[in-house]
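The data block below is run-v4.cif; it holds mmCIF, C-alpha atoms.
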```cif
data_run
#
loop_
_atom_site.label_atom_id
_atom_site.label_comp_id
_atom_site.auth_asym_id
_atom_site.auth_seq_id
_atom_site.Cartn_x
_atom_site.Cartn_y
_atom_site.Cartn_z
CA MET A 1 4.68 -39.46 19.37
CA THR A 2 5.77 -36.36 17.45
CA ASP A 3 4.40 -33.08 18.76
CA LEU A 4 4.64 -29.50 17.49
CA ASN A 5 7.68 -28.80 19.63
CA ASP A 6 9.56 -31.67 17.96
CA VAL A 7 8.52 -30.50 14.49
CA LEU A 8 9.85 -26.99 14.99
CA LYS A 9 13.01 -27.87 16.90
CA LYS A 10 14.21 -30.02 14.01
CA HIS A 11 14.46 -26.89 11.86
CA VAL A 12 16.03 -24.46 14.33
CA GLY A 13 19.74 -23.62 14.43
CA ASP A 14 22.63 -25.08 12.41
CA GLY A 15 22.13 -22.61 9.55
CA ALA A 16 18.33 -22.81 9.65
CA ALA A 17 16.07 -20.22 11.25
CA PRO A 18 17.26 -19.21 14.74
CA GLY A 19 13.76 -19.69 16.07
CA ALA A 20 10.10 -20.16 15.29
CA VAL A 21 6.64 -19.81 16.75
CA GLY A 22 3.91 -22.15 15.61
CA LEU A 23 0.19 -22.37 16.35
CA VAL A 24 -2.14 -25.20 15.41
CA ALA A 25 -5.81 -24.93 16.34
CA ARG A 26 -8.37 -27.66 15.78
CA GLY A 27 -11.68 -26.37 17.00
CA ASP A 28 -11.22 -25.14 20.57
CA ARG A 29 -7.97 -27.05 21.05
CA VAL A 30 -5.01 -24.71 20.52
CA GLU A 31 -1.36 -25.73 20.56
CA VAL A 32 1.28 -22.98 20.58
CA VAL A 33 5.05 -23.52 20.70
CA ALA A 34 7.95 -21.06 20.68
CA VAL A 35 11.41 -22.53 20.07
CA GLY A 36 14.92 -21.20 19.60
CA SER A 37 15.83 -17.54 19.78
CA ALA A 38 14.89 -14.21 18.22
CA ASP A 39 18.49 -13.66 17.08
CA ALA A 40 21.20 -15.85 15.58
CA GLU A 41 23.47 -15.28 18.58
CA GLY A 42 20.94 -16.92 20.87
CA THR A 43 20.81 -14.00 23.29
CA VAL A 44 17.03 -13.41 23.11
CA PRO A 45 14.77 -16.43 23.72
CA MET A 46 11.84 -16.76 21.35
CA ARG A 47 8.49 -16.03 22.98
CA ARG A 48 4.87 -16.65 22.13
CA ASP A 49 4.42 -12.88 21.78
CA SER A 50 7.55 -12.32 19.67
CA ILE A 51 6.91 -9.95 16.77
CA PHE A 52 7.70 -10.93 13.17
CA ARG A 53 7.66 -9.32 9.74
CA ILE A 54 4.78 -11.30 8.25
CA ALA A 55 5.30 -10.14 4.63
CA SER A 56 2.58 -11.50 2.31
CA MET A 57 0.43 -12.68 5.21
CA THR A 58 -0.56 -9.00 5.01
CA LYS A 59 -2.55 -9.64 1.82
CA PRO A 60 -5.66 -11.27 3.37
CA ILE A 61 -5.85 -8.43 5.90
CA THR A 62 -5.79 -5.85 3.11
CA ALA A 63 -8.54 -7.73 1.27
CA ALA A 64 -10.68 -7.76 4.43
CA ALA A 65 -10.31 -3.98 4.69
CA VAL A 66 -11.48 -3.56 1.10
CA MET A 67 -14.55 -5.67 1.83
CA MET A 68 -15.43 -3.35 4.73
CA LEU A 69 -15.62 -0.47 2.28
CA VAL A 70 -17.69 -2.60 -0.11
CA GLU A 71 -20.15 -3.41 2.65
CA GLU A 72 -20.49 0.29 3.48
CA GLY A 73 -21.35 1.03 -0.15
CA ARG A 74 -18.34 3.29 -0.59
CA ILE A 75 -17.03 1.14 -3.44
CA ALA A 76 -18.45 -1.82 -5.37
CA LEU A 77 -16.74 -4.96 -6.60
CA ASN A 78 -17.66 -4.30 -10.22
CA GLU A 79 -16.85 -0.59 -9.99
CA PRO A 80 -14.01 0.85 -12.09
CA VAL A 81 -11.21 2.09 -9.83
CA ARG A 82 -10.49 5.15 -11.98
CA GLN A 83 -12.60 7.42 -9.76
CA TRP A 84 -10.24 6.79 -6.87
CA LEU A 85 -7.13 5.84 -8.82
CA PRO A 86 -7.12 8.20 -11.82
CA GLU A 87 -3.60 7.02 -12.60
CA LEU A 88 -5.22 3.79 -13.84
CA ALA A 89 -7.98 5.45 -15.86
CA ALA A 90 -6.52 4.54 -19.27
CA PRO A 91 -3.93 1.79 -18.85
CA MET A 92 -1.82 0.49 -21.70
CA VAL A 93 -0.91 -3.18 -22.20
CA VAL A 94 2.20 -4.66 -23.82
CA ARG A 95 1.32 -6.23 -27.17
CA THR A 96 2.61 -9.61 -25.96
CA PRO A 97 4.06 -10.50 -22.55
CA ALA A 98 7.54 -10.64 -24.11
CA SER A 99 7.20 -7.33 -25.98
CA PRO A 100 9.33 -4.29 -25.10
CA ALA A 101 7.74 -2.07 -22.46
CA ASP A 102 7.06 0.62 -25.06
CA ASP A 103 5.26 -1.71 -27.52
CA VAL A 104 1.76 -1.23 -26.15
CA VAL A 105 -1.92 -1.20 -27.00
CA PRO A 106 -4.87 0.28 -25.03
CA ALA A 107 -6.54 -1.90 -22.42
CA ASP A 108 -9.72 -3.59 -23.65
CA ARG A 109 -11.65 -2.45 -20.61
CA VAL A 110 -11.32 -0.61 -17.30
CA ILE A 111 -9.80 -2.11 -14.15
CA THR A 112 -12.36 -2.91 -11.43
CA VAL A 113 -12.11 -3.41 -7.69
CA GLU A 114 -12.59 -7.15 -8.11
CA ASP A 115 -9.80 -7.29 -10.70
CA LEU A 116 -7.48 -6.05 -7.97
CA LEU A 117 -8.85 -8.42 -5.31
CA THR A 118 -8.45 -11.45 -7.58
CA PHE A 119 -5.00 -10.34 -8.84
CA ARG A 120 -6.29 -10.17 -12.42
CA ALA A 121 -5.83 -6.45 -13.08
CA GLY A 122 -2.82 -7.01 -15.36
CA TYR A 123 -0.12 -5.86 -12.92
CA GLY A 124 2.14 -8.26 -11.04
CA PHE A 125 4.63 -11.09 -11.25
CA PRO A 126 4.33 -13.93 -13.80
CA SER A 127 6.49 -17.04 -13.76
CA ASP A 128 9.13 -15.24 -15.85
CA PHE A 129 10.53 -12.27 -13.91
CA SER A 130 12.80 -11.27 -16.82
CA LEU A 131 10.00 -9.96 -19.07
CA PRO A 132 10.56 -6.29 -20.04
CA ALA A 133 7.25 -5.09 -18.58
CA VAL A 134 8.01 -6.81 -15.27
CA GLN A 135 11.39 -5.18 -14.68
CA PRO A 136 9.98 -1.73 -13.75
CA LEU A 137 8.04 -3.35 -10.93
CA PHE A 138 11.40 -4.02 -9.30
CA SER A 139 13.35 -0.94 -10.38
CA GLU A 140 10.64 1.73 -10.11
CA LEU A 141 8.18 0.39 -7.54
CA LYS A 142 10.66 -1.61 -5.42
CA GLN A 143 8.38 -4.64 -5.54
CA GLY A 144 9.89 -7.82 -4.17
CA ALA A 145 12.91 -6.43 -2.34
CA GLY A 146 10.93 -3.29 -1.50
CA SER A 147 8.57 -5.30 0.67
CA LEU A 148 11.55 -6.07 2.91
CA GLN A 149 12.95 -2.52 2.73
CA PRO A 150 9.86 -0.38 3.30
CA GLN A 151 11.80 2.82 3.96
CA GLN A 152 13.02 2.83 0.34
CA VAL A 153 9.59 2.84 -1.32
CA LEU A 154 8.02 6.02 -2.72
CA ALA A 155 5.09 7.73 -1.00
CA PRO A 156 1.67 6.58 -2.32
CA ASP A 157 0.98 9.40 -4.80
CA ALA A 158 4.48 9.19 -6.28
CA TRP A 159 4.25 5.40 -6.32
CA MET A 160 0.97 5.53 -8.23
CA ALA A 161 2.43 8.05 -10.67
CA ALA A 162 5.30 5.64 -11.34
CA LEU A 163 2.85 2.75 -11.72
CA SER A 164 0.87 4.69 -14.33
CA ARG A 165 3.95 4.73 -16.57
CA ILE A 166 4.31 0.94 -16.45
CA PRO A 167 2.21 -1.06 -18.93
CA LEU A 168 0.02 -3.97 -17.93
CA LEU A 169 1.45 -7.39 -18.71
CA HIS A 170 -1.98 -8.77 -19.63
CA GLN A 171 -5.41 -7.38 -20.37
CA PRO A 172 -7.60 -6.82 -17.27
CA GLY A 173 -9.29 -10.05 -16.19
CA GLU A 174 -7.11 -12.23 -18.40
CA GLU A 175 -4.44 -13.69 -16.10
CA TRP A 176 -3.52 -14.05 -12.43
CA LEU A 177 -0.34 -12.12 -11.55
CA TYR A 178 1.22 -11.98 -8.11
CA ASN A 179 1.66 -9.25 -5.52
CA THR A 180 1.26 -5.76 -7.04
CA CYS A 181 -2.54 -5.64 -6.81
CA SER A 182 -2.44 -5.77 -2.99
CA ASP A 183 -0.24 -2.66 -2.90
CA ILE A 184 -2.67 -0.91 -5.23
CA LEU A 185 -5.52 -1.95 -2.93
CA GLY A 186 -3.69 -0.36 0.00
CA VAL A 187 -3.69 2.97 -1.85
CA LEU A 188 -7.35 2.47 -2.81
CA ILE A 189 -8.33 1.92 0.83
CA ALA A 190 -6.56 5.11 1.89
CA ARG A 191 -8.15 7.24 -0.83
CA VAL A 192 -11.68 5.89 -0.43
CA SER A 193 -11.59 6.21 3.37
CA ASP A 194 -9.63 9.48 3.27
CA ARG A 195 -7.32 8.05 5.92
CA PRO A 196 -3.80 6.62 5.79
CA LEU A 197 -3.84 2.84 5.49
CA PRO A 198 -2.16 2.28 8.90
CA GLU A 199 -4.86 4.36 10.63
CA PHE A 200 -7.73 2.62 8.84
CA LEU A 201 -6.48 -0.87 9.65
CA ALA A 202 -5.68 0.03 13.26
CA GLU A 203 -9.16 1.39 13.95
CA ARG A 204 -11.32 -0.86 11.83
CA LEU A 205 -9.57 -4.25 12.13
CA PHE A 206 -6.78 -4.38 14.69
CA ALA A 207 -8.58 -2.67 17.58
CA PRO A 208 -11.84 -4.66 17.28
CA LEU A 209 -9.94 -7.94 17.03
CA GLY A 210 -7.46 -7.13 19.78
CA MET A 211 -4.51 -7.33 17.36
CA THR A 212 -2.43 -5.09 19.61
CA ASP A 213 0.96 -6.00 18.13
CA THR A 214 0.07 -5.69 14.43
CA GLY A 215 1.08 -2.65 12.38
CA PHE A 216 3.54 -1.20 9.89
CA ALA A 217 6.18 -0.32 12.49
CA VAL A 218 7.33 -1.55 15.91
CA PRO A 219 7.41 1.09 18.66
CA THR A 220 10.51 1.33 20.80
CA ALA A 221 8.63 -0.01 23.82
CA LYS A 222 8.09 -3.31 21.97
CA SER A 223 11.47 -3.61 20.25
CA ASP A 224 12.65 -6.19 22.81
CA ARG A 225 10.05 -8.58 21.34
CA PHE A 226 10.88 -7.83 17.70
CA THR A 227 12.85 -10.62 16.02
CA CYS A 228 15.89 -10.17 13.80
CA PHE A 229 15.41 -11.09 10.14
CA TYR A 230 17.94 -13.17 8.17
CA ARG A 231 18.79 -14.43 4.73
CA ALA A 232 20.80 -17.55 3.98
CA ASP A 233 24.39 -16.61 3.14
CA PRO A 234 25.04 -18.10 -0.33
CA GLU A 235 28.82 -17.81 0.02
CA GLY A 236 29.90 -18.74 3.49
CA GLY A 237 26.82 -20.64 4.56
CA GLY A 238 25.00 -19.77 7.74
CA LEU A 239 22.88 -16.66 8.10
CA ARG A 240 23.26 -13.02 7.09
CA LEU A 241 21.42 -10.35 9.05
CA ALA A 242 18.99 -8.54 6.73
CA ASP A 243 17.15 -6.38 9.24
CA ALA A 244 17.52 -5.72 12.96
CA PRO A 245 14.85 -4.55 15.44
CA ASP A 246 16.08 -0.97 15.05
CA GLY A 247 16.05 -1.17 11.24
CA GLN A 248 13.43 -0.85 8.50
CA TRP A 249 10.40 -1.31 10.77
CA SER A 250 11.50 1.04 13.57
CA SER A 251 9.40 3.88 12.10
CA LEU A 252 6.38 4.18 9.81
CA PRO A 253 7.35 4.09 6.11
CA ALA A 254 6.07 6.62 3.58
CA PHE A 255 4.37 3.74 1.73
CA ALA A 256 2.45 1.30 3.91
CA SER A 257 2.49 -1.86 1.82
CA GLY A 258 -0.82 -3.67 1.62
CA ALA A 259 1.05 -6.51 -0.04
CA GLY A 260 3.64 -7.22 2.62
CA GLY A 261 4.32 -4.43 5.10
CA LEU A 262 2.86 -5.65 8.38
CA VAL A 263 4.47 -7.02 11.51
CA SER A 264 2.44 -9.24 13.81
CA THR A 265 2.40 -12.08 16.34
CA VAL A 266 1.04 -15.59 16.19
CA ASP A 267 -1.93 -14.72 18.40
CA ASP A 268 -2.79 -11.58 16.46
CA TRP A 269 -2.98 -13.43 13.14
CA TYR A 270 -4.92 -16.20 14.87
CA ALA A 271 -7.46 -13.58 16.00
CA PHE A 272 -7.86 -12.52 12.36
CA ALA A 273 -8.27 -16.15 11.27
CA ARG A 274 -10.87 -16.83 13.96
CA MET A 275 -12.86 -13.83 12.77
CA LEU A 276 -13.00 -15.35 9.28
CA LEU A 277 -13.92 -18.78 10.66
CA ALA A 278 -16.75 -17.15 12.62
CA GLY A 279 -18.16 -15.67 9.42
CA GLY A 280 -16.88 -12.18 10.12
CA ALA A 281 -17.44 -11.98 13.87
CA GLY A 282 -14.82 -12.11 16.58
CA GLY A 283 -15.92 -15.62 17.36
CA ALA A 284 -17.24 -17.13 20.54
CA GLY A 285 -14.72 -16.19 23.21
CA GLY A 286 -12.58 -14.45 20.59
CA ARG A 287 -10.79 -11.19 21.13
CA ALA A 288 -13.55 -9.18 19.48
CA GLY A 289 -16.10 -10.68 21.86
CA GLY A 290 -18.40 -11.62 19.01
CA ARG A 291 -18.40 -8.12 17.49
CA ARG A 292 -19.06 -8.35 13.76
CA VAL A 293 -16.23 -7.11 11.57
CA LEU A 294 -17.33 -8.48 8.17
CA SER A 295 -20.50 -9.99 6.79
CA GLU A 296 -20.72 -13.72 6.12
CA GLU A 297 -21.02 -12.96 2.41
CA SER A 298 -17.78 -10.98 2.42
CA VAL A 299 -15.98 -13.84 4.14
CA ARG A 300 -17.44 -16.29 1.62
CA LEU A 301 -16.17 -14.20 -1.27
CA MET A 302 -12.73 -13.86 0.30
CA THR A 303 -12.37 -17.61 0.82
CA THR A 304 -13.80 -18.77 -2.54
CA ASP A 305 -11.62 -19.46 -5.57
CA HIS A 306 -12.36 -16.94 -8.35
CA LEU A 307 -9.93 -18.18 -11.01
CA THR A 308 -10.79 -20.24 -14.05
CA ARG A 309 -9.14 -23.64 -14.42
CA ALA A 310 -6.97 -22.27 -17.23
CA GLN A 311 -5.80 -19.35 -15.08
CA ARG A 312 -4.91 -21.71 -12.25
CA GLU A 313 -3.00 -24.02 -14.55
CA ARG A 314 -0.96 -21.12 -15.95
CA SER A 315 -0.07 -19.88 -12.45
CA THR A 316 1.64 -22.97 -11.06
CA LEU A 317 4.81 -21.07 -10.07
CA PHE A 318 2.88 -19.74 -7.07
CA LEU A 319 -0.35 -21.76 -7.02
CA GLU A 320 0.22 -25.49 -6.79
CA GLY A 321 -3.19 -27.13 -6.42
CA GLN A 322 -4.60 -23.76 -5.44
CA GLY A 323 -6.85 -21.04 -6.76
CA TRP A 324 -7.17 -17.48 -5.47
CA GLY A 325 -9.87 -15.87 -3.40
CA TYR A 326 -9.48 -12.28 -2.24
CA GLY A 327 -6.03 -11.71 -0.76
CA GLY A 328 -5.16 -15.37 -0.36
CA SER A 329 -5.02 -18.77 -2.00
CA VAL A 330 -7.80 -21.35 -1.82
CA ASP A 331 -6.91 -25.04 -2.08
CA VAL A 332 -8.79 -26.74 -4.90
CA GLU A 333 -6.84 -30.01 -5.18
CA ALA A 334 -5.30 -32.33 -2.59
CA VAL A 335 -1.84 -32.33 -4.19
CA ALA A 336 -0.15 -32.72 -0.77
CA PRO A 337 -1.26 -34.10 2.61
CA TRP A 338 -1.98 -30.59 3.89
CA ASN A 339 -4.03 -29.42 0.90
CA VAL A 340 -7.67 -29.55 1.99
CA PRO A 341 -10.14 -28.15 -0.57
CA GLY A 342 -11.32 -24.79 0.78
CA ARG A 343 -8.24 -24.10 2.93
CA TYR A 344 -7.55 -20.35 2.71
CA GLY A 345 -4.49 -18.26 3.52
CA TRP A 346 -1.04 -17.45 2.28
CA MET A 347 2.71 -17.54 2.87
CA GLY A 348 5.11 -14.69 3.53
CA GLY A 349 8.56 -14.39 1.98
CA THR A 350 10.00 -13.91 5.45
CA GLY A 351 9.34 -17.56 6.30
CA THR A 352 5.80 -17.14 7.60
CA ALA A 353 2.45 -18.72 6.78
CA GLY A 354 -1.15 -18.56 7.99
CA HIS A 355 -4.08 -20.71 6.87
CA LEU A 356 -7.60 -21.59 7.97
CA THR A 357 -10.01 -24.29 6.84
CA PRO A 358 -13.65 -23.20 7.14
CA ALA A 359 -15.01 -26.75 6.77
CA THR A 360 -13.08 -28.05 9.78
CA GLY A 361 -12.43 -24.91 11.83
CA ALA A 362 -8.68 -25.55 11.73
CA VAL A 363 -6.04 -22.80 11.81
CA SER A 364 -2.29 -23.02 11.37
CA VAL A 365 0.16 -20.13 11.80
CA LEU A 366 3.93 -20.45 11.45
CA LEU A 367 6.32 -17.55 12.03
CA THR A 368 10.07 -17.76 11.43
CA GLN A 369 12.66 -15.08 10.65
CA LEU A 370 14.46 -16.65 7.69
CA ALA A 371 13.72 -15.41 4.15
CA MET A 372 12.33 -17.89 1.66
CA THR A 373 14.53 -18.40 -1.40
CA GLY A 374 11.68 -19.00 -3.86
CA PRO A 375 7.99 -19.88 -4.13
CA THR A 376 8.55 -23.46 -2.99
CA PRO A 377 7.75 -23.78 0.74
CA PRO A 378 10.83 -24.64 2.84
CA PRO A 379 11.03 -27.97 4.69
CA VAL A 380 9.96 -26.51 8.05
CA MET A 381 6.78 -25.12 6.46
CA ARG A 382 5.91 -28.35 4.70
CA GLU A 383 6.46 -30.41 7.84
CA PHE A 384 4.51 -27.92 9.92
CA TRP A 385 1.57 -28.11 7.50
CA ARG A 386 1.73 -31.92 7.52
CA TYR A 387 1.55 -31.88 11.30
CA ALA A 388 -1.29 -29.35 11.30
CA ALA A 389 -3.26 -31.57 8.92
CA GLY A 390 -2.72 -34.57 11.15
CA ALA A 391 -0.97 -36.37 8.30
#
```
Write out the structure in this file as structure tokens.
Amino acid sequence: MTDLNDVLKKHVGDGAAPGAVGLVARGDRVEVVAVGSADAEGTVPMRRDSIFRIASMTKPITAAAVMMLVEEGRIALNEPVRQWLPELAAPMVVRTPASPADDVVPADRVITVEDLLTFRAGYGFPSDFSLPAVQPLFSELKQGAGSLQPQQVLAPDAWMAALSRIPLLHQPGEEWLYNTCSDILGVLIARVSDRPLPEFLAERLFAPLGMTDTGFAVPTAKSDRFTCFYRADPEGGGLRLADAPDGQWSSLPAFASGAGGLVSTVDDWYAFARMLLAGGAGGAGGRAGGRRVLSEESVRLMTTDHLTRAQRERSTLFLEGQGWGYGGSVDVEAVAPWNVPGRYGWMGGTGTAGHLTPATGAVSVLLTQLAMTGPTPPPVMREFWRYAAGA
């Protein structure tokens, strides 16, 4: 009978990821497996507490932090963000998505907090990355590649100033666009709380949940557990080292990316998932000891699809059978064996993924150190999800 160890070992080595750590929880039954090594040379065995760059698995965590501020009454979902982000007080929008970046019209309305949470503010990636208004996201803001090279991104105020010179691709509320809104939310959190994003998350989320290995940098004392990160070599085959333990995450960056800047472990992200499954508490026996982190209503909003059918259908490059909650996707159609309506979570471009299913109490977390080459999940992820679903 196939078990999780067999599933992961099939995709380790021989040009695939050097190693992987997987967790599948069904109720109180938790299965965790670490296979392979933390480096391509095979000198460092993979461990359950190995640390990975989790990339876009950061997004749900950022959304949870925003909801803390909403609960405290410091911001409101329908509130315009211009008070805190004056750079976005009067955004301009390209006349059509294909128009030159200087062919613009004023936005029909202001951008709200919920526009950012639902990725419908007008900033972000569409299916066509070549559009003129999308190019500055790469060149000026270092989106995409910048999430894997955090030391090259501008400091928050300079980053926001650069963003203010880039037009929206769509009117606020009109379309779902990927990624950029989570980075804007990271700046919003820092300005509303008057604290740097790393400090806010560490005190308000990571400490209560016992997420001791999650942050925007890896201290020297933990570098022996930090995995190498690789890309597939398109020329010679095999793997090309993209970042070593003493590289981009060895010190705090000027811009802490709420879209993809965190490192974490399988148990840390599981603690976050259990909090959501428990309706915002640490969960019975969880690391937070039952301490409430979010309200049940905040968790419900995070894990509910907020897109219209038309918006979902136009976003199939990233959302196949899925809608979008706050900070993560929500399955709405069973287009694959692992798609269970209501399943919430997201993938990371570093070969990572974390999901939870409120209706069943299931959690799945997969961490590898091989970059994804596109929005289509790699074979190891699909097979892992199939196993986690019991399919």
>> Set the distance at 9 Å and use all atoms listed in the file: which residues neighbour Gly351 of chain A once local chain neighbours fewer than 6 positions away are removed? I'd like the list as number ranges by chain.
In response: A: 17, 54-55, 366-372, 377-378, 381
>> Assuming the chain letters and numbering stay as they are in my file, what does the PyMOL selection byres ((chain A and resi 6-9) around 12) actually select? List them as a PyMOL selection string.
In response: chain A and resi 1-5+10-14+16-24+32-37+366-368+379-388
> Just how far from atom CA of Ala25 of chain A is atom CA of Val293 of chain A, in Å to one decimal?
Replying inline: 21.2 Å
>> Can you pull out the residues contacting Leu317 of chain A? Cut-off 9 Å, using all atoms listed in the file, and skip same-chain residues under 5 positions away; I want them as a PyMOL selection string.
In response: chain A and resi 126-127+375-376
> Once you count all atoms listed in the file, which residues end up no further than 10 Å from (-4.6, -21.5, -10.9) in the file's frame, shown as a ChimeraX atom specification?
Replying inline: /A:175-176,305-324,329-332
>> Let me make sure I understand: among A:Pro106, A:Gly361, A:Leu148, A:Asp246, which one has the smallest atom-to-atom distance to Gly349 of chain A if we use all atoms listed in the file?
In response: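 The shortest atom-to-atom distance to Gly349 of chain A comes from A:Leu148.
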>> So, with all atoms listed in the file as the atoms that count, which of A:Leu252, A:Cys181, A:Ala158, A:Ile111 lies closest to Val218 of chain A?
In response: A:Leu252
>> So, with only C-alpha atoms as the atoms that count, which of A:Val44, A:Leu241, A:Leu262, A:Val81 lies closest to Met211 of chain A?
In response: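 Among the listed residues, A:Leu262 lies closest to Met211 of chain A.
Listed by chain and then by number, the residues chosen by the PyMOL selection byres ((chain A and resi 169) around 8) in this file are A:Val93, A:Val94, A:Thr96, A:Pro97, A:Gly122, A:Tyr123, A:Gly124, A:Ala133, A:Val134, A:Pro167, A:Leu168, A:His170, A:Gln171.
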>> I'd like to know which of A:Arg29, A:Trp249, A:Leu131, A:Leu77 is closest to Thr214 of chain A, using all atoms listed in the file.
In response: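 Result for the nearest residue to Thr214 of chain A: A:Trp249.
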> Can you list what the PyMOL selection byres ((chain A and resi 217) around 12) grabs from this structure, as a ChimeraX atom specification?
Replying inline: /A:51-54,150-151,198,202,213-216,218-223,226,245-257,261-264
>> List as a count of residues only the protein and nucleic acid residues near Gly186 of chain A, meaning an atom at most 8 Å away when all atoms listed in the file are counted, but skip any in the same chain fewer than 4 places from it.
In response: 8
> Of the candidates A:Gln143, A:Asn339, A:Thr352, A:Ser298, which one gets nearest to Gly325 of chain A if we count all atoms listed in the file?
Replying inline: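 When distances to Gly325 of chain A are compared using all atoms listed in the file, the smallest one comes from A:Ser298.
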>> Please compute the atom CA of Val153 of chain A-atom CA of Phe129 of chain A distance, one decimal, in Å.
In response: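 It comes out at 19.7 Å.
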> Using all atoms listed in the file, which of the listed residues (A:Gly173, A:Pro234, A:Gly327, A:Gly282) sits closest to Thr112 of chain A?
Replying inline: A:Gly173
> Expressed in Å to a single decimal, how great is the separation between atom CA of Leu201 of chain A and atom CA of Ala65 of chain A?
Replying inline: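 It comes out at 7.0 Å.
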>> Just want the 12 Å neighbourhood of Leu301 of chain A, counted on only C-alpha atoms, with same-chain residues fewer than 6 positions away dropped. Output as a ChimeraX atom specification.
In response: /A:60,63-64,66-67,70,77,114,117-118,276,279-280,294-295,324-328,330,342,344
> Hey, what's within 9 Å of Leu141 of chain A if we count all atoms listed in the file and toss same-chain stuff fewer than 5 positions away? As a list in words, please?
Replying inline: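 Result of the neighbour search: Pro136, Gly146, Val153, Leu154, Trp159, Met160, Ala162 and Leu163 of chain A.
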Go ahead and write the selection's residues with C-alpha atoms as a PDB file, in the frame of the given file.
```pdb
ATOM      1  CA  PRO A 136       9.980  -1.730 -13.750  1.00  0.00           C
ATOM      2  CA  GLY A 146      10.930  -3.290  -1.500  1.00  0.00           C
ATOM      3  CA  VAL A 153       9.590   2.840  -1.320  1.00  0.00           C
ATOM      4  CA  LEU A 154       8.020   6.020  -2.720  1.00  0.00           C
ATOM      5  CA  TRP A 159       4.250   5.400  -6.320  1.00  0.00           C
ATOM      6  CA  MET A 160       0.970   5.530  -8.230  1.00  0.00           C
ATOM      7  CA  ALA A 162       5.300   5.640 -11.340  1.00  0.00           C
ATOM      8  CA  LEU A 163       2.850   2.750 -11.720  1.00  0.00           C
TER       9      LEU A 163
END
```
Which residues of segment 314-356 of chain A come within 8 Å of segment 265-273 of chain A, and what is each one's closest atom pair and distance in Å (one decimal), counting all atoms listed in the file, sorted by chain and residue number, as CSV?
```
residue,atom,partner,partner_atom,distance
A:Gly354,CA,A:Trp269,CA,7.5
A:His355,CA,A:Ala273,CA,7.6
A:Leu356,CA,A:Ala273,CA,6.4
```
